[in-house]
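Some notes on the structure that comes next.
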Amino acid sequence: MTSGAAVVIVGGGVTGLSAGWWLARAGVDVLVLDKSIVGWEASGRNGGGATHVGSPFGLEEQRLWPQMDELLGYPTEYQPHRIGIALSEPQLALARRWAEIGESRGFRWEPLDRRQLKELVPIVGDEAIGGTYLHFGGHANPQRTVQAYAWALADHGGRILQHTTVTGLVRRGGRVTAVETTRGTFGADVVVVAAGPQTGLFAEMLGVALPLAPARVEMIATEPIPIMGVGGVAGNGLYGRQTLRGNLVYGGGPHEWINVPDMTTPEHANTPLVRNLARRLAELFPRAAHVRVIRAWSGLVENTPDGLPVVERLSNPDNVVIATMSSVGFGLSPAVGRAISELVQHGRCSFADLGALALSRFAGTPPDWRERAGWVARPAEVAAAGGDG
Amino acid sequence: MSDHRSIAGKAPRPDQHIPLVVVGAGAAGVAAAVEAARAGVEVLLVDEHPVDNDMMAMDVPLCFGQRMDATVRNRAAMLERVVETNPALATAHDAGVDVQLGTYIWGAFVNSATVQELPAPMLGLADDRRSWLVSFDRLVVAAGARDVLLGFPGWERAGTLGANGAAALLMRYRALAARRLLVIGSGVLGLHTAALALEHGVEIAGVVEVEAHVRGEASEAKRLAERGVPFFTAHTIREARGRTGEIESIVLVGVDEAGTPVRGSEREIACDAVCMAVGLVPSVELLHLVGARLVFVAALGGWVPEVDAWNRTSVASVFAAGDCAGAHDGMLRAPDVAREQGRVAGLAAAVSLGALDRGQAEARRGVRAPLSPASSEMQSYWQAWLRAQIEAGGWEVNVCQCEEVTRRELIETKPPRYLKWESPQMSARDVGTLLRDGPINQDQIKRLTRAGMGPCQSRRCREQVGLLLAQAAGTTLDRIPLPTFRPPIRPLPLNVLWPADEPAAMREDWVSWFGIPTQFSPHWTAGMAVDEPTAHARLILSEE
């Protein structure tokens, strides 16, 4: 057996890395295994939003983000506050609803009229009917943040093995004692599975039914434009931000349900949906309609049937923590990592009630739930691009 | 049940279907289009030239170095010009090919492991006003090659061109605004560029070569020398000088065998433009997007598609011909090679569409043109240039102009300057520490340093970033994984890229995330749902 660790984390995404970092800074011997490069999947490809006060981890998310640069020692580009823009009454009602959810947790917000919006966000047009200014929430740069976690974890003595695919979990006497990988077997006292779309495959290995449906989603980025006072501006069915460089980076719209049958990393293809994204962004910011799109990308995420995370220390085997964030992992990662580190060390989370996230809520979920919900992939075609001639 | 918020049923319908699309109206592309059309195939031949002035100013698709004259602003005149300077287009037109000029291909979309909803493989096209989608049965990519650029102090100034950019301005646009050109590189490409410029009345201030001897053919070098072209062998660039952002002179410095500058050997050469002609790389963006297998072949300029004897790529419906299938000196010496590859691809596409039988294609194909031996040591040649330019110009030179990332910042994996970030932890990190975690990955370094993340879409820095990383990692360019290309592969404005109309379902069911009502509901109010409003569902504020 290759050298193992007290805690082996399967998956170097933002959840696994954060958990590893919290464990390492608590002095725990931790090893993170990733099949490619840290944060290479959805963790490094999302909108960077950190405004999830409705989540059981929401208050901790809000408490931690302003400290993350300092705690990690590396920049995350965290920026506080969000502005919601509405182009229609239903959009305004939704924006206000988000604000009110925050308010009910003690956060401050104020409504914005069109004039105020245009002052704060000069690229907004007359189509905007109003909006919200949230004195809470925020966003960060996912690409910089995942590397920050990875480096900070290593600074605390944790280890990361990239390009190492976990292929199996070794069980002995009601516990998982080791993980098998393409680069040897690693012994472990506790195993954390935070493997994104592949988390379900690992649950299956343990005889645990974890209903997950993977999907592909897309984003676009424009060339930089002058920096606005608040970069966290969204609306019109888009999520995203202006980066500190000035790029407008936004996603939204229809997802494509897919299958992720094994541990391999599928490619990150885009579709003509990038045009529809461009349209909504130009509608949201008509004064930036001339700005050029310079890049698009896609990412793979997984959802549970209710769209809520599963973060749980299993009872059998009792030394495994399973974590899927159900497609909303980046912003919550500082808090979830801390929760996982507590589950590993103490078996319980001190700062959040994880009851609503228990796997047992899916006990009655039928095996064909994806078909019933219409969350299914179209059957694969034989040829990728046309037939043989 | 179906998920109204998913892409199912909303997949884009192409605006047009064409059995065969040929991308690029150079020698290879025109030949492919003509062969297929003569076999009775309906063919669309697309070329982005003339590109508009704004694109040119961004060095898209080639490094034009701001040395376009004012005529390029006249679109109608430029359209006439690119037709006039490419007589083969008339042949294509006569053969019945639909020729669309001034049209960008900005994306290629095919079904794959994570995309199954597309009704057909399709291309994204655009002009200066709008974009549209064209589906195809077969695709011939003849997208040409880009220049390898290696920075030096002052290379941001107007007047730094690439050999292919200069050639396009000279031959296609007849709009090169340079009067006195210094050519960097004395290989076949450099000598060819110098001769071409002379032919078009541009003075050549000199040909610079880092190696001790002229690399190209002696006879060609002699012809240039006879016409008064000075050669500066064993020299490299120290800096570009000039007022107000223009190149007015280049300072050269002599180098010894190790590439180290020789003290006191500086000389200042007056010129208004400098042309990097050290090498070309195949333009494989579209081939990458359709999923064609790419392999690194040093003798062919780097990453090239694997093709069979009929120029078919690993994707059965896609063919590659000309420089994008492998750019090397032989192609410059014998333009017929590209044309021949194009003909073969066109014939093969026609066969695969059932318009020709294999025997007819064999007969029309005829005897294959012998290929001149390609130069195989381009990588080490580029490395030699880079080493000398680092020695002469230092580490504070921008490798990425768009994002202003210097060689030093790249190798030290520094976060961008505008973050003003300093920490002892960050200072302890560099390419070397990343190397301990696994092989160097250019996309990862891009995310951290932003090198290659700007509006030129890494056209100016891709190779030099790769070379610098290879050098820092003690490896070679072929060992650095191909950095990805992302659509749109031409930077297009939001209001050009956007679709004029959308399926009703796309508009009506659009949500920002999955539209799972419980996903963002406040956890303390069990059963409450917050549903994004769509045309079908009003905002649900609680369980009603």
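Just so we're on the same page: first chain in the structure tokens is A, next is B, and so on; residues restart at 1 for each chain, and ligands are numbered from 1 in the order they show up.
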Closest pair table for chain A residues within 7 Å of chain B, only C-alpha atoms, as CSV:
```
residue,atom,partner,partner_atom,distance
A:Gly54,CA,B:Pro522,CA,3.9
A:Ser55,CA,B:His523,CA,5.8
A:Pro56,CA,B:His523,CA,6.1
A:Gly73,CA,B:Gln425,CA,6.0
A:Tyr74,CA,B:Met426,CA,6.1
A:Pro75,CA,B:Trp421,CA,6.9
A:Pro90,CA,B:Pro533,CA,5.9
A:Gln91,CA,B:Pro533,CA,6.8
A:Leu94,CA,B:Leu539,CA,6.7
A:Ile101,CA,B:Pro522,CA,6.9
A:Gln143,CA,B:Arg447,CA,6.0
A:Arg144,CA,B:Leu448,CA,6.2
A:Leu161,CA,B:Asp437,CA,6.7
A:Gln162,CA,B:Gly438,CA,6.3
A:Arg216,CA,B:Thr114,CA,6.8
A:Glu223,CA,B:Pro455,CA,5.6
A:Gly237,CA,B:Ser512,CA,4.2
A:Leu238,CA,B:Ser512,CA,4.9
A:Tyr239,CA,B:Ser512,CA,6.1
A:Gly252,CA,B:Ser512,CA,4.2
A:Gly253,CA,B:Trp510,CA,5.1
A:Pro254,CA,B:Ser6,CA,4.6
A:His255,CA,B:Ser6,CA,4.8
A:Glu256,CA,B:Ile7,CA,5.4
A:Ile258,CA,B:Thr114,CA,5.9
A:Pro266,CA,B:Ala113,CA,6.5
A:Thr271,CA,B:Phe109,CA,5.8
A:Pro272,CA,B:Pro12,CA,6.8
A:Arg275,CA,B:Trp498,CA,4.5
A:Asn276,CA,B:Trp498,CA,6.0
A:Ala278,CA,B:Leu494,CA,5.1
A:Arg279,CA,B:Trp498,CA,4.8
A:Ala282,CA,B:Leu494,CA,6.2
A:Ala289,CA,B:Leu494,CA,5.3
A:His290,CA,B:Pro493,CA,5.0
A:Val291,CA,B:Pro493,CA,4.9
A:Arg292,CA,B:Pro493,CA,3.7
A:Val293,CA,B:Leu492,CA,5.5
A:Ile294,CA,B:Pro491,CA,4.8
A:Arg295,CA,B:Arg486,CA,5.7
A:Ala296,CA,B:Pro487,CA,5.7
A:Trp297,CA,B:Arg486,CA,6.6
A:Asp306,CA,B:Thr518,CA,5.8
A:Gly307,CA,B:Gln519,CA,4.4
A:Leu308,CA,B:Gln519,CA,5.5
A:Arg372,CA,B:Met1,CA,5.9
A:Ala373,CA,B:Met1,CA,5.7
A:Gly374,CA,B:Ser2,CA,4.0
A:Trp375,CA,B:Asp3,CA,6.2
A:Arg378,CA,B:Gln116,CA,5.9
A:Ala380,CA,B:Gln116,CA,6.2
A:Ala384,CA,B:Asn111,CA,5.2
A:Ala385,CA,B:Pro121,CA,5.5
A:Gly386,CA,B:Ser317,CA,5.6
A:Gly387,CA,B:Ser317,CA,6.6
A:Asp388,CA,B:Ala316,CA,5.7
A:Gly389,CA,B:Ser352,CA,3.8
```
Sel. of helix (DSSP H, G or I) residues, segment 435-539 of chain B, as an NGL selection string:
:B and (435-437 or 442-449 or 462-473 or 477-479 or 494-497 or 504-508)
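Computed from the coordinates, the atom CA of Gly16 of chain A to atom CA of Pro483 of chain B distance equals 25.6 Å.
Among the candidates A:Val233, A:Leu210, A:Val274, A:Ala269, the residue lying nearest to Pro305 of chain A is A:Leu210 (atoms considered: only C-alpha atoms).
Using only C-alpha atoms, the smallest distance between any of B:Ala77, B:Ala240, B:Val262, B:Ala384 and Val397 of chain B comes from B:Ala240.
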Contact residues around Val97 of chain B with only C-alpha atoms at 7 Å, ignoring same-chain residues under 2 positions, as JSON, numbers by chain
{"B": [33, 34, 37, 43, 44, 45, 92, 93, 95, 99]}
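Going from atom CA of Ala221 of chain B to atom CA of Val183 of chain B covers 12.7 Å.
Every protein or nucleic acid residue with an atom no more than 6 Å from segment 143-153 of chain B, counting only C-alpha atoms and leaving out same-chain residues fewer than 6 positions away, appears here: Gly24, Gly162, Glu239, Gly279, Leu280, Val281, Pro282, Ser283, Asp323, Cys324, Gly393, Val397 and Gln464 of chain B.
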Please produce a file of those selected residues containing all heavy atoms, as a PDB file, in the first residue's frame.
```pdb
ATOM      1  N   GLY B  24     -12.104  28.894 -45.494  1.00  0.00           N
ATOM      2  CA  GLY B  24     -10.813  29.439 -45.925  1.00  0.00           C
ATOM      3  C   GLY B  24     -10.687  29.410 -47.424  1.00  0.00           C
ATOM      4  O   GLY B  24     -10.791  28.346 -48.047  1.00  0.00           O
ATOM      5  N   GLY B 162       3.298  40.155 -37.966  1.00  0.00           N
ATOM      6  CA  GLY B 162       3.710  38.794 -38.215  1.00  0.00           C
ATOM      7  C   GLY B 162       3.839  38.595 -39.712  1.00  0.00           C
ATOM      8  O   GLY B 162       3.270  39.362 -40.497  1.00  0.00           O
ATOM      9  N   GLU B 239      15.463  46.214 -28.448  1.00  0.00           N
ATOM     10  CA  GLU B 239      14.224  46.950 -28.174  1.00  0.00           C
ATOM     11  C   GLU B 239      13.734  47.669 -29.422  1.00  0.00           C
ATOM     12  O   GLU B 239      14.471  47.856 -30.385  1.00  0.00           O
ATOM     13  CB  GLU B 239      14.434  47.978 -27.049  1.00  0.00           C
ATOM     14  CG  GLU B 239      15.438  49.063 -27.393  1.00  0.00           C
ATOM     15  CD  GLU B 239      15.496  50.166 -26.338  1.00  0.00           C
ATOM     16  OE1 GLU B 239      14.454  50.465 -25.725  1.00  0.00           O
ATOM     17  OE2 GLU B 239      16.581  50.730 -26.137  1.00  0.00           O
ATOM     18  N   GLY B 279       8.381  31.740 -37.698  1.00  0.00           N
ATOM     19  CA  GLY B 279       7.667  30.481 -37.885  1.00  0.00           C
ATOM     20  C   GLY B 279       6.166  30.670 -37.922  1.00  0.00           C
ATOM     21  O   GLY B 279       5.648  31.735 -37.572  1.00  0.00           O
ATOM     22  N   LEU B 280       5.492  29.636 -38.383  1.00  0.00           N
ATOM     23  CA  LEU B 280       4.027  29.629 -38.464  1.00  0.00           C
ATOM     24  C   LEU B 280       3.497  28.447 -37.673  1.00  0.00           C
ATOM     25  O   LEU B 280       4.158  27.416 -37.560  1.00  0.00           O
ATOM     26  CB  LEU B 280       3.575  29.488 -39.924  1.00  0.00           C
ATOM     27  CG  LEU B 280       4.001  30.589 -40.895  1.00  0.00           C
ATOM     28  CD1 LEU B 280       3.594  30.221 -42.313  1.00  0.00           C
ATOM     29  CD2 LEU B 280       3.396  31.924 -40.491  1.00  0.00           C
ATOM     30  N   VAL B 281       2.291  28.637 -37.125  1.00  0.00           N
ATOM     31  CA  VAL B 281       1.616  27.501 -36.489  1.00  0.00           C
ATOM     32  C   VAL B 281       0.263  27.307 -37.160  1.00  0.00           C
ATOM     33  O   VAL B 281      -0.429  28.277 -37.466  1.00  0.00           O
ATOM     34  CB  VAL B 281       1.409  27.706 -34.975  1.00  0.00           C
ATOM     35  CG1 VAL B 281       2.699  27.499 -34.230  1.00  0.00           C
ATOM     36  CG2 VAL B 281       0.820  29.050 -34.661  1.00  0.00           C
ATOM     37  N   PRO B 282      -0.110  26.051 -37.401  1.00  0.00           N
ATOM     38  CA  PRO B 282      -1.396  25.770 -38.045  1.00  0.00           C
ATOM     39  C   PRO B 282      -2.558  26.336 -37.223  1.00  0.00           C
ATOM     40  O   PRO B 282      -2.550  26.267 -36.000  1.00  0.00           O
ATOM     41  CB  PRO B 282      -1.444  24.242 -38.081  1.00  0.00           C
ATOM     42  CG  PRO B 282      -0.010  23.816 -38.000  1.00  0.00           C
ATOM     43  CD  PRO B 282       0.666  24.839 -37.143  1.00  0.00           C
ATOM     44  N   SER B 283      -3.542  26.898 -37.921  1.00  0.00           N
ATOM     45  CA  SER B 283      -4.729  27.424 -37.233  1.00  0.00           C
ATOM     46  C   SER B 283      -5.733  26.282 -37.052  1.00  0.00           C
ATOM     47  O   SER B 283      -6.518  25.985 -37.942  1.00  0.00           O
ATOM     48  CB  SER B 283      -5.362  28.543 -38.077  1.00  0.00           C
ATOM     49  OG  SER B 283      -4.482  29.627 -38.160  1.00  0.00           O
ATOM     50  N   ASP B 323      -2.211  24.865 -44.874  1.00  0.00           N
ATOM     51  CA  ASP B 323      -1.363  25.157 -43.713  1.00  0.00           C
ATOM     52  C   ASP B 323      -1.958  24.678 -42.392  1.00  0.00           C
ATOM     53  O   ASP B 323      -1.229  24.349 -41.465  1.00  0.00           O
ATOM     54  CB  ASP B 323      -1.117  26.670 -43.615  1.00  0.00           C
ATOM     55  CG  ASP B 323      -0.084  27.141 -44.637  1.00  0.00           C
ATOM     56  OD1 ASP B 323       0.463  26.278 -45.358  1.00  0.00           O
ATOM     57  OD2 ASP B 323       0.175  28.358 -44.700  1.00  0.00           O
ATOM     58  N   CYS B 324      -3.294  24.660 -42.269  1.00  0.00           N
ATOM     59  CA  CYS B 324      -3.873  24.265 -40.981  1.00  0.00           C
ATOM     60  C   CYS B 324      -3.684  22.773 -40.725  1.00  0.00           C
ATOM     61  O   CYS B 324      -3.845  22.306 -39.601  1.00  0.00           O
ATOM     62  CB  CYS B 324      -5.345  24.658 -40.880  1.00  0.00           C
ATOM     63  SG  CYS B 324      -6.473  23.618 -41.813  1.00  0.00           S
ATOM     64  N   GLY B 393      16.546  41.407 -23.905  1.00  0.00           N
ATOM     65  CA  GLY B 393      15.445  42.293 -23.535  1.00  0.00           C
ATOM     66  C   GLY B 393      14.990  42.151 -22.094  1.00  0.00           C
ATOM     67  O   GLY B 393      14.231  42.983 -21.600  1.00  0.00           O
ATOM     68  N   VAL B 397       9.470  42.069 -19.970  1.00  0.00           N
ATOM     69  CA  VAL B 397       8.781  42.276 -21.248  1.00  0.00           C
ATOM     70  C   VAL B 397       7.416  41.591 -21.186  1.00  0.00           C
ATOM     71  O   VAL B 397       7.310  40.472 -20.693  1.00  0.00           O
ATOM     72  CB  VAL B 397       9.614  41.658 -22.390  1.00  0.00           C
ATOM     73  CG1 VAL B 397       8.855  41.716 -23.707  1.00  0.00           C
ATOM     74  CG2 VAL B 397      10.951  42.365 -22.493  1.00  0.00           C
ATOM     75  N   GLN B 464       4.512  31.817 -27.351  1.00  0.00           N
ATOM     76  CA  GLN B 464       5.610  32.242 -26.476  1.00  0.00           C
ATOM     77  C   GLN B 464       5.332  31.899 -25.020  1.00  0.00           C
ATOM     78  O   GLN B 464       6.266  31.623 -24.266  1.00  0.00           O
ATOM     79  CB  GLN B 464       5.995  33.702 -26.664  1.00  0.00           C
ATOM     80  CG  GLN B 464       4.887  34.686 -26.649  1.00  0.00           C
ATOM     81  CD  GLN B 464       5.420  36.111 -26.862  1.00  0.00           C
ATOM     82  OE1 GLN B 464       6.561  36.415 -26.542  1.00  0.00           O
ATOM     83  NE2 GLN B 464       4.590  36.971 -27.405  1.00  0.00           N
TER      84      GLN B 464
END
```
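Between Glu100 of chain A and the candidates A:Val14, A:Leu134, A:Leu71, A:Met228, the tightest atom-to-atom separation, counting only C-alpha atoms, involves A:Leu134.
Among the candidates A:Met219, A:Ile227, A:Leu281, A:Ala99, the one nearest to Pro111 of chain A when counting only C-alpha atoms is A:Ala99.
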Expected answer as number ranges by chain: strand (DSSP E or B) residues in segment 23-214 of chain A:
A: 30-33, 49, 79-86, 109-112, 130-139, 159-161, 166-172, 175-181, 184-193, 213-214
